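The data block below is work-v3.cif; it holds mmCIF, C-alpha atoms.
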data_model
#
loop_
_atom_site.label_atom_id
_atom_site.label_comp_id
_atom_site.auth_asym_id
_atom_site.auth_seq_id
_atom_site.Cartn_x
_atom_site.Cartn_y
_atom_site.Cartn_z
CA MET A 223 11.68 -16.73 28.64
CA THR A 224 10.55 -15.94 25.11
CA THR A 225 10.69 -18.90 22.72
CA LEU A 226 10.90 -18.13 19.04
CA VAL A 227 9.05 -20.59 16.83
CA PRO A 228 9.40 -20.37 13.07
CA ASN A 229 6.32 -19.21 11.18
CA PRO A 230 6.17 -21.62 8.21
CA GLU A 231 4.10 -19.20 6.15
CA SER A 232 6.66 -16.46 6.36
CA LEU A 233 9.06 -17.57 3.65
CA ILE A 234 6.95 -19.17 0.91
CA PRO A 235 7.50 -18.01 -2.68
CA GLY A 236 4.27 -16.86 -4.21
CA PRO A 237 2.32 -16.33 -7.41
CA GLY A 238 3.76 -14.40 -10.35
CA PRO A 239 4.01 -10.64 -10.79
CA GLY A 240 0.50 -10.26 -12.20
CA ALA A 241 -1.21 -11.55 -9.07
CA ALA A 242 -2.46 -9.17 -6.41
CA ASP A 243 -0.08 -9.05 -3.48
CA PRO A 244 -1.38 -6.40 -1.10
CA LEU A 245 0.20 -5.47 2.20
CA ILE A 246 -2.30 -6.47 4.86
CA ILE A 247 -2.10 -4.92 8.33
CA ALA A 248 -4.89 -5.46 10.88
CA GLY A 249 -7.15 -6.72 8.13
CA ARG A 250 -6.71 -3.61 6.02
CA GLU A 251 -5.19 -3.86 2.53
CA PHE A 252 -2.63 -1.49 1.05
CA LYS A 253 -1.56 -1.68 -2.60
CA SER A 254 1.83 -0.13 -1.85
CA ARG A 255 4.45 -1.77 0.33
CA LEU A 256 6.24 1.55 0.63
CA ILE A 257 5.14 3.88 3.45
CA VAL A 258 6.62 7.37 3.54
CA GLY A 259 6.96 10.28 5.92
CA THR A 260 6.15 13.97 5.70
CA GLY A 261 9.15 15.64 7.31
CA LYS A 262 12.21 17.53 6.06
CA TYR A 263 10.74 18.68 2.74
CA SER A 264 11.56 22.20 1.57
CA SER A 265 7.90 22.74 0.71
CA PHE A 266 4.55 21.03 1.05
CA ALA A 267 4.14 21.13 -2.73
CA LEU A 268 7.38 19.18 -3.20
CA MET A 269 6.28 16.72 -0.53
CA GLN A 270 3.02 16.17 -2.38
CA ARG A 271 4.83 15.46 -5.68
CA ALA A 272 7.19 13.05 -3.93
CA HIS A 273 4.27 11.23 -2.31
CA GLU A 274 2.60 10.92 -5.71
CA ALA A 275 5.78 9.52 -7.28
CA SER A 276 6.28 7.03 -4.44
CA GLY A 277 2.86 5.45 -4.94
CA ALA A 278 2.50 5.26 -1.16
CA ASP A 279 -1.01 4.89 0.18
CA MET A 280 -0.07 5.57 3.78
CA VAL A 281 2.02 8.43 5.18
CA THR A 282 3.14 9.23 8.71
CA VAL A 283 2.38 12.58 10.38
CA ALA A 284 3.46 14.08 13.70
CA VAL A 285 1.13 15.52 16.35
CA ARG A 286 2.13 19.01 17.49
CA ARG A 287 0.67 22.07 19.20
CA VAL A 288 -1.18 24.44 16.93
CA ASN A 289 0.67 27.74 16.59
CA ILE A 290 -1.87 29.99 18.32
CA SER A 291 -0.16 33.27 17.48
CA ASP A 292 0.67 32.59 13.84
CA ARG A 293 -2.42 31.34 12.02
CA THR A 294 -1.13 32.10 8.53
CA LYS A 295 1.03 29.01 8.10
CA GLU A 296 -0.14 26.49 5.50
CA SER A 297 -1.71 23.29 6.68
CA LEU A 298 -0.09 19.95 5.94
CA LEU A 299 -3.47 18.36 5.30
CA ASP A 300 -4.09 20.69 2.36
CA TYR A 301 -1.35 18.71 0.57
CA ILE A 302 -2.46 15.17 1.33
CA ASP A 303 -5.49 13.65 -0.39
CA THR A 304 -6.87 11.73 2.56
CA ALA A 305 -9.40 10.01 0.32
CA ARG A 306 -6.52 8.12 -1.32
CA ILE A 307 -3.78 8.24 1.32
CA ALA A 308 -4.19 6.96 4.87
CA LEU A 309 -2.72 9.12 7.65
CA LEU A 310 -0.65 7.26 10.25
CA PRO A 311 -0.11 9.56 13.26
CA ASN A 312 3.18 8.97 15.03
CA THR A 313 4.32 9.71 18.58
CA ALA A 314 7.47 11.49 17.46
CA GLY A 315 9.38 13.34 20.17
CA CYS A 316 8.07 11.13 23.00
CA TYR A 317 10.62 9.85 25.49
CA SER A 318 8.29 8.03 27.87
CA ALA A 319 5.35 5.64 27.65
CA ASP A 320 3.12 8.29 29.31
CA ASP A 321 3.96 10.94 26.70
CA ALA A 322 3.51 8.45 23.86
CA VAL A 323 0.13 7.27 25.16
CA ARG A 324 -1.06 10.86 25.60
CA THR A 325 0.10 11.79 22.10
CA ALA A 326 -1.49 8.69 20.59
CA ARG A 327 -4.84 9.57 22.17
CA LEU A 328 -4.67 13.09 20.75
CA GLY A 329 -3.64 11.75 17.36
CA ARG A 330 -6.64 9.45 17.34
CA GLU A 331 -8.98 12.31 18.04
CA ALA A 332 -7.39 14.58 15.43
CA GLY A 333 -7.36 11.93 12.72
CA LEU A 334 -10.45 10.01 13.70
CA SER A 335 -8.46 6.83 13.17
CA ASN A 336 -7.17 4.45 15.82
CA TRP A 337 -3.94 3.62 14.01
CA VAL A 338 -0.68 4.81 15.54
CA LYS A 339 3.00 4.49 14.71
CA LEU A 340 4.37 4.19 18.22
CA GLU A 341 7.76 5.78 18.87
CA VAL A 342 9.24 5.99 22.36
CA ILE A 343 12.78 7.26 22.06
CA GLY A 344 15.54 6.45 24.53
CA ASP A 345 18.29 8.82 23.48
CA GLU A 346 18.31 12.02 21.46
CA ARG A 347 21.63 11.44 19.71
CA THR A 348 20.97 7.98 18.32
CA LEU A 349 17.16 8.16 18.42
CA PHE A 350 17.11 4.47 19.32
CA PRO A 351 13.86 3.34 20.88
CA ASP A 352 13.47 2.73 24.60
CA ASN A 353 12.10 -0.80 24.21
CA GLU A 354 11.01 -1.15 27.84
CA GLU A 355 8.78 1.94 27.61
CA LEU A 356 7.74 0.94 24.11
CA ILE A 357 6.42 -2.47 25.19
CA ALA A 358 4.59 -0.86 28.13
CA ALA A 359 2.97 1.77 25.88
CA THR A 360 2.01 -0.89 23.33
CA LYS A 361 0.14 -2.88 25.99
CA ILE A 362 -1.79 0.21 27.16
CA LEU A 363 -2.72 1.36 23.67
CA VAL A 364 -3.74 -2.10 22.45
CA LYS A 365 -6.11 -2.33 25.45
CA GLU A 366 -7.59 1.05 24.42
CA GLY A 367 -8.37 -0.31 20.96
CA PHE A 368 -5.53 1.21 18.99
CA VAL A 369 -3.93 -0.49 15.99
CA VAL A 370 -0.32 -0.19 17.14
CA LEU A 371 2.70 -0.23 14.82
CA PRO A 372 5.76 0.13 17.08
CA TYR A 373 9.15 1.34 15.82
CA THR A 374 11.82 -0.79 17.47
CA THR A 375 15.34 -2.23 17.24
CA ASP A 376 16.40 -5.26 15.18
CA ASP A 377 16.10 -7.49 18.25
CA PRO A 378 14.02 -10.62 17.58
CA ILE A 379 13.09 -11.04 21.26
CA VAL A 380 11.77 -7.49 21.55
CA CYS A 381 9.88 -7.94 18.28
CA ARG A 382 8.26 -11.09 19.67
CA LYS A 383 7.34 -9.28 22.90
CA LEU A 384 5.73 -6.46 20.93
CA GLU A 385 3.77 -8.99 18.92
CA ASP A 386 2.66 -10.76 22.10
CA ALA A 387 1.61 -7.35 23.49
CA GLY A 388 -0.79 -7.05 20.55
CA ALA A 389 1.10 -4.96 18.00
CA ALA A 390 -0.55 -5.21 14.55
CA ALA A 391 2.84 -5.11 12.83
CA VAL A 392 6.40 -4.67 14.05
CA MET A 393 8.80 -2.11 12.62
CA PRO A 394 12.46 -2.91 13.25
CA LEU A 395 15.06 -0.34 12.27
CA GLY A 396 17.70 -0.97 9.62
CA ALA A 397 19.99 1.73 11.05
CA PRO A 398 19.47 4.95 13.06
CA ILE A 399 16.75 7.36 11.89
CA GLY A 400 18.06 9.68 9.20
CA SER A 401 21.46 7.93 8.98
CA GLY A 402 20.99 6.48 5.50
CA LEU A 403 23.37 3.67 6.42
CA GLY A 404 21.20 0.86 5.08
CA ILE A 405 20.46 -2.36 6.92
CA GLN A 406 23.15 -2.91 9.54
CA ASN A 407 22.16 -6.42 10.60
CA ALA A 408 20.57 -8.24 7.68
CA ASN A 409 20.58 -11.60 9.42
CA ASN A 410 18.58 -10.20 12.36
CA ILE A 411 15.96 -8.80 9.97
CA ARG A 412 15.77 -12.21 8.27
CA ILE A 413 15.38 -13.91 11.67
CA ILE A 414 12.72 -11.44 12.76
CA ARG A 415 10.77 -12.15 9.55
CA GLU A 416 11.12 -15.91 9.93
CA PHE A 417 9.67 -16.00 13.45
CA SER A 418 7.04 -13.29 13.20
CA ARG A 419 3.32 -13.87 12.84
CA VAL A 420 2.52 -10.22 12.05
CA PRO A 421 3.81 -8.05 9.19
CA ILE A 422 7.34 -6.70 9.46
CA ILE A 423 7.94 -3.18 8.15
CA LEU A 424 11.60 -2.17 7.92
CA ASP A 425 11.63 1.37 9.32
CA ALA A 426 14.59 3.80 9.53
CA GLY A 427 18.05 3.80 8.03
CA VAL A 428 17.20 3.39 4.35
CA GLY A 429 19.49 5.64 2.29
CA THR A 430 19.07 4.61 -1.31
CA ALA A 431 17.15 2.21 -3.53
CA SER A 432 19.23 -0.91 -2.94
CA ASP A 433 18.65 -0.65 0.83
CA ALA A 434 14.91 -0.90 0.27
CA THR A 435 15.28 -3.78 -2.19
CA ILE A 436 17.45 -5.71 0.26
CA ALA A 437 14.83 -5.22 2.99
CA MET A 438 12.17 -6.76 0.75
CA GLU A 439 14.51 -9.58 -0.34
CA LEU A 440 15.03 -10.44 3.32
CA GLY A 441 11.28 -10.93 3.55
CA ALA A 442 10.10 -7.63 5.02
CA ASP A 443 6.43 -7.00 4.21
CA GLY A 444 7.05 -3.32 3.66
CA VAL A 445 9.47 -0.46 4.09
CA LEU A 446 8.95 2.91 5.79
CA MET A 447 11.25 5.79 4.97
CA ASN A 448 11.37 9.54 5.06
CA THR A 449 14.87 11.02 4.93
CA ALA A 450 16.02 8.89 1.98
CA ILE A 451 13.45 10.66 -0.18
CA ALA A 452 13.19 14.09 1.46
CA GLU A 453 16.97 14.63 1.56
CA ALA A 454 17.74 13.26 -1.90
CA GLN A 455 18.87 15.95 -4.33
CA ASP A 456 15.83 15.14 -6.43
CA PRO A 457 13.17 13.83 -4.04
CA VAL A 458 10.62 13.11 -6.75
CA ALA A 459 13.09 10.98 -8.73
CA MET A 460 14.17 9.18 -5.55
CA ALA A 461 10.54 8.52 -4.63
CA THR A 462 10.00 6.86 -8.02
CA SER A 463 13.19 4.87 -7.51
CA MET A 464 12.02 3.69 -4.10
CA LYS A 465 8.66 2.61 -5.47
CA LEU A 466 10.43 0.45 -8.05
CA ALA A 467 13.02 -0.77 -5.53
CA VAL A 468 10.36 -2.07 -3.17
CA GLN A 469 8.48 -3.74 -6.03
CA ALA A 470 11.68 -5.35 -7.37
CA GLY A 471 12.67 -6.67 -3.96
CA ARG A 472 9.22 -8.07 -3.32
CA LEU A 473 9.14 -9.87 -6.70
CA ALA A 474 12.62 -11.29 -6.08
CA PHE A 475 11.57 -12.54 -2.66
CA ARG A 476 8.44 -14.22 -4.01
CA ALA A 477 10.34 -15.69 -6.94
CA GLY A 478 12.48 -17.71 -4.54
CA ARG A 479 16.16 -16.85 -5.05
CA MET A 480 18.88 -19.24 -6.23
CA PRO A 481 21.09 -20.79 -3.51
CA ARG A 482 24.36 -19.10 -2.65
CA ARG A 483 27.50 -21.09 -3.45
CA MET A 484 31.00 -20.62 -2.14
CA TYR A 485 32.59 -21.46 -5.52
CA ALA A 486 31.63 -21.40 -9.16
CA SER A 487 28.94 -23.46 -10.82
CA ALA A 488 29.41 -23.27 -14.61
CA SER A 489 26.42 -22.24 -16.70
CA SER A 490 27.62 -23.82 -19.97
CA PRO A 491 28.25 -27.55 -20.66
CA LEU A 492 31.88 -28.75 -20.65
CA ALA A 493 31.32 -31.17 -23.60
CA GLY A 494 31.85 -29.88 -27.17
CA THR A 495 34.29 -27.05 -26.37
CA LEU A 496 36.77 -26.13 -29.13
CA LYS A 497 40.32 -27.33 -28.33
CA MET B 15 -9.90 34.60 33.93
CA LYS B 16 -6.58 32.92 33.20
CA ILE B 17 -5.93 29.53 31.63
CA SER B 18 -2.88 27.71 30.29
CA LEU B 19 -3.14 27.38 26.51
CA ASN B 20 -0.49 25.29 24.76
CA GLY B 21 1.87 25.91 27.62
CA GLU B 22 1.39 29.68 27.74
CA PRO B 23 -0.84 31.82 29.98
CA HIS B 24 -3.97 33.07 28.17
CA GLU B 25 -6.56 35.61 29.28
CA LEU B 26 -10.29 35.02 28.83
CA ALA B 27 -13.16 37.36 29.73
CA GLY B 28 -15.04 34.54 31.49
CA PRO B 29 -15.93 30.84 31.22
CA VAL B 30 -16.51 29.75 27.60
CA THR B 31 -17.28 26.51 25.81
CA LEU B 32 -14.48 24.83 23.87
CA THR B 33 -16.37 25.58 20.67
CA ALA B 34 -16.39 29.28 21.51
CA LEU B 35 -12.67 29.26 22.41
CA LEU B 36 -11.73 27.63 19.09
CA ALA B 37 -13.87 30.18 17.24
CA GLN B 38 -12.15 33.05 19.13
CA LEU B 39 -8.75 31.62 18.09
CA ASN B 40 -9.90 31.14 14.49
CA ILE B 41 -9.13 27.41 14.62
CA ASP B 42 -11.07 24.89 12.52
CA PRO B 43 -12.32 22.26 15.01
CA ARG B 44 -12.22 19.54 12.36
CA ARG B 45 -8.44 19.70 11.98
CA VAL B 46 -7.37 19.61 15.61
CA ALA B 47 -7.55 17.54 18.76
CA VAL B 48 -7.98 19.10 22.18
CA GLU B 49 -6.86 18.06 25.63
CA HIS B 50 -8.69 19.64 28.58
CA ASN B 51 -6.92 19.14 31.91
CA LEU B 52 -5.06 16.13 30.47
CA ASN B 53 -8.22 14.52 29.07
CA VAL B 54 -8.77 14.23 25.33
CA VAL B 55 -12.10 15.83 24.47
CA LYS B 56 -14.25 14.17 21.81
CA ARG B 57 -15.32 16.58 19.06
CA ALA B 58 -18.99 15.91 19.81
CA HIS B 59 -18.45 17.32 23.31
CA TYR B 60 -16.83 20.65 22.34
CA ASP B 61 -20.18 22.46 22.71
CA THR B 62 -20.71 21.16 26.22
CA THR B 63 -17.17 21.43 27.60
CA GLN B 64 -16.83 24.52 29.79
CA ILE B 65 -13.41 26.16 30.20
CA GLN B 66 -12.91 27.47 33.75
CA ASP B 67 -10.30 29.58 35.51
CA GLY B 68 -6.99 27.72 35.87
CA ASP B 69 -7.77 25.08 33.23
CA GLN B 70 -5.00 23.58 31.10
CA ILE B 71 -5.79 23.34 27.38
CA GLU B 72 -3.65 21.76 24.66
CA ILE B 73 -4.71 22.16 21.03
CA VAL B 74 -2.77 20.00 18.58
CA ASN B 75 -2.87 19.21 14.90
CA PHE B 76 -1.02 17.07 12.39
CA VAL B 77 2.26 18.42 11.05
CA GLY B 78 4.90 16.98 8.79
CA GLY B 79 7.66 15.09 10.45
CA GLY B 80 8.92 12.42 12.73
CA THR B 81 11.31 11.94 15.60
CA HIS B 82 14.33 13.31 13.71
CA ASP B 83 12.82 16.78 13.54
CA TYR B 84 12.13 17.47 17.17
CA PRO B 85 14.51 18.48 19.95
CA ARG B 86 14.34 17.07 23.45
CA PRO B 87 11.20 18.27 25.25
#

In structure tokens, how does this file's structure come out?
Amino acid sequence: MTTLVPNPESLIPGPGPGAADPLIIAGREFKSRLIVGTGKYSSFALMQRAHEASGADMVTVAVRRVNISDRTKESLLDYIDTARIALLPNTAGCYSADDAVRTARLGREAGLSNWVKLEVIGDERTLFPDNEELIAATKILVKEGFVVLPYTTDDPIVCRKLEDAGAAAVMPLGAPIGSGLGIQNANNIRIIREFSRVPIILDAGVGTASDATIAMELGADGVLMNTAIAEAQDPVAMATSMKLAVQAGRLAFRAGRMPRRMYASASSPLAGTLK
Amino acid sequence: MKISLNGEPHELAGPVTLTALLAQLNIDPRRVAVEHNLNVVKRAHYDTTQIQDGDQIEIVNFVGGGTHDYPRP
């Protein structure tokens, strides 16, 4: 049985907006709490401008066979300044722990980094993760020295199991990949944050700026998105919007919000009103 | 001599090192990762890894994208 114990450090308001507030994963600091993807852009040049506008200092990339017969295609890496932006290889397209582990090993060799965004998908229509295979793959990869960031469901027990398996952060979905539906179960995300001892990155389902802000207000340490930016009519403008949305949500979270009330609470005094 | 290269049959004149194979294919070794018979080969060992008849080679690199882009394998 998995017992969830609150992490008292998870919900403390913090210092003001001027203070440094980096995202820290596996001891490494990132200035940006927004992580973005590299897929679905109409051109690499547009992708590069969107990345710049987003302020992201980590982007996800997929691992795929080199096209042996057609060597003329442009290379993704020509459009990412790896001196400033960290590459996070993902195991996209993997439907089993074995495939994901194999892909992660190749990604490590290609990128010379042991970080991996672990995706093990259970169904091609919903793209929901297969949590059983995901937990198994996490255990294997952690043992091999990888820094594992698993993409998972908004299930607090699974998130705890991934953390116990050694995941450096946990990435619960807000809604299905590419759906743009926004966070479907805000209370679960809040619960996951409250009981977690590693960073929580809301990953998948963000559609527009307010979705990202809400994630940060719920206490997420960061947000990962791709489609929300790549499929916006103006990706560069949306990337800027998302950068600001994540910052606004983080500031609101650290400011400590007012309590919710079921009825009104007047702002002005009742005494001295004109009659 | 025949090998499997990225899932397709590929003819080679004779055994070659991985370094030589990548050079033949005009592939920059610094931007790829290679699997030789299901084992990931470290870049430092490309010079000393011999490709033999019947070997299975996978050469991968980083591309844009995530799970939404790729159909069922």

Enclosing box along x, y and z for every listed atom of stretch 30-46 of chain B, padded 5 Å each side, centre and size in Å, one decimal, as lines of an AutoDock Vina configuration file:
center_x = -12.3
center_y = 26.3
center_z = 19.8
size_x = 19.9
size_y = 23.5
size_z = 25.6

Residue nearest B:Thr63 - candidates B:Pro23, B:Thr81, B:Phe76, B:Glu49, atoms counted: only C-alpha atoms: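 Once distances to B:Thr63 are computed over only C-alpha atoms, the minimum belongs to B:Glu49.
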
Nearest to chain B by atom-to-atom distance, counting all atoms listed in the file, from A:Asp386, A:Asp279, A:Glu251, A:Asp425: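 Using all atoms listed in the file, chain B sits closest to A:Asp425.
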
Residue neighbourhood B:Val55, 12 Å, all atoms listed in the file, exclusion window fewer than 2 positions, as a ChimeraX atom specification: /A:327-332 /B:31-33,43,46-53,57-65,71-74

Selection: 8 Å around stretch 261-276 of chain A, only C-alpha atoms, excl. self and same-chain fewer than 5 positions, as a PyMOL selection string: (chain A and resi 256+298+301-302+448-449+451-453+457-459+461-465) or (chain B and resi 78-80+83)

Atom CA of B:Glu25 to atom CA of A:Arg293, distance in Å rounded to a single decimal: 18.3 Å

Result set, the PyMOL selection byres ((chain A and resi 283) around 7) on current file, as a PyMOL selection string: (chain A and resi 259-260+281-282+284-285+309-312) or (chain B and resi 76-80)

Write out the residues from the selection above, keeping C-alpha atoms, as a PDB file, in the frame of the given file.
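That gives us selection-v6.pdb:
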ATOM      1  CA  GLY A 259       6.960  10.280   5.920  1.00  0.00           C
ATOM      2  CA  THR A 260       6.150  13.970   5.700  1.00  0.00           C
ATOM      3  CA  VAL A 281       2.020   8.430   5.180  1.00  0.00           C
ATOM      4  CA  THR A 282       3.140   9.230   8.710  1.00  0.00           C
ATOM      5  CA  ALA A 284       3.460  14.080  13.700  1.00  0.00           C
ATOM      6  CA  VAL A 285       1.130  15.520  16.350  1.00  0.00           C
ATOM      7  CA  LEU A 309      -2.720   9.120   7.650  1.00  0.00           C
ATOM      8  CA  LEU A 310      -0.650   7.260  10.250  1.00  0.00           C
ATOM      9  CA  PRO A 311      -0.110   9.560  13.260  1.00  0.00           C
ATOM     10  CA  ASN A 312       3.180   8.970  15.030  1.00  0.00           C
TER      11      ASN A 312
ATOM     12  CA  PHE B  76      -1.020  17.070  12.390  1.00  0.00           C
ATOM     13  CA  VAL B  77       2.260  18.420  11.050  1.00  0.00           C
ATOM     14  CA  GLY B  78       4.900  16.980   8.790  1.00  0.00           C
ATOM     15  CA  GLY B  79       7.660  15.090  10.450  1.00  0.00           C
ATOM     16  CA  GLY B  80       8.920  12.420  12.730  1.00  0.00           C
TER      17      GLY B  80
END

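Proximity of A:Ile307, A:Leu424, A:Ala390, A:Ile343 to chain B, computed with only C-alpha atoms, is greatest for A:Ile343.
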
Between atom CA of A:Arg287 and atom CA of B:Asp42, distance in Å (one decimal):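 Calculated distance between atom CA of A:Arg287 and atom CA of B:Asp42 is 13.8 Å.
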
Gap from atom CA of A:Phe368 to atom CA of A:Glu296 - Å, one decimal: 29.2 Å

Top pick for closest residue to chain B, considering A:Ile413, A:Ala426, A:Met393, A:Ala242 and counting all atoms listed in the file: A:Ala426

Best match for closeness to chain B among A:Asn289, A:Asn229, A:Asn409, A:Thr435, counting all atoms listed in the file: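 Looking at the shortest contact to chain B, the residue is A:Asn289.
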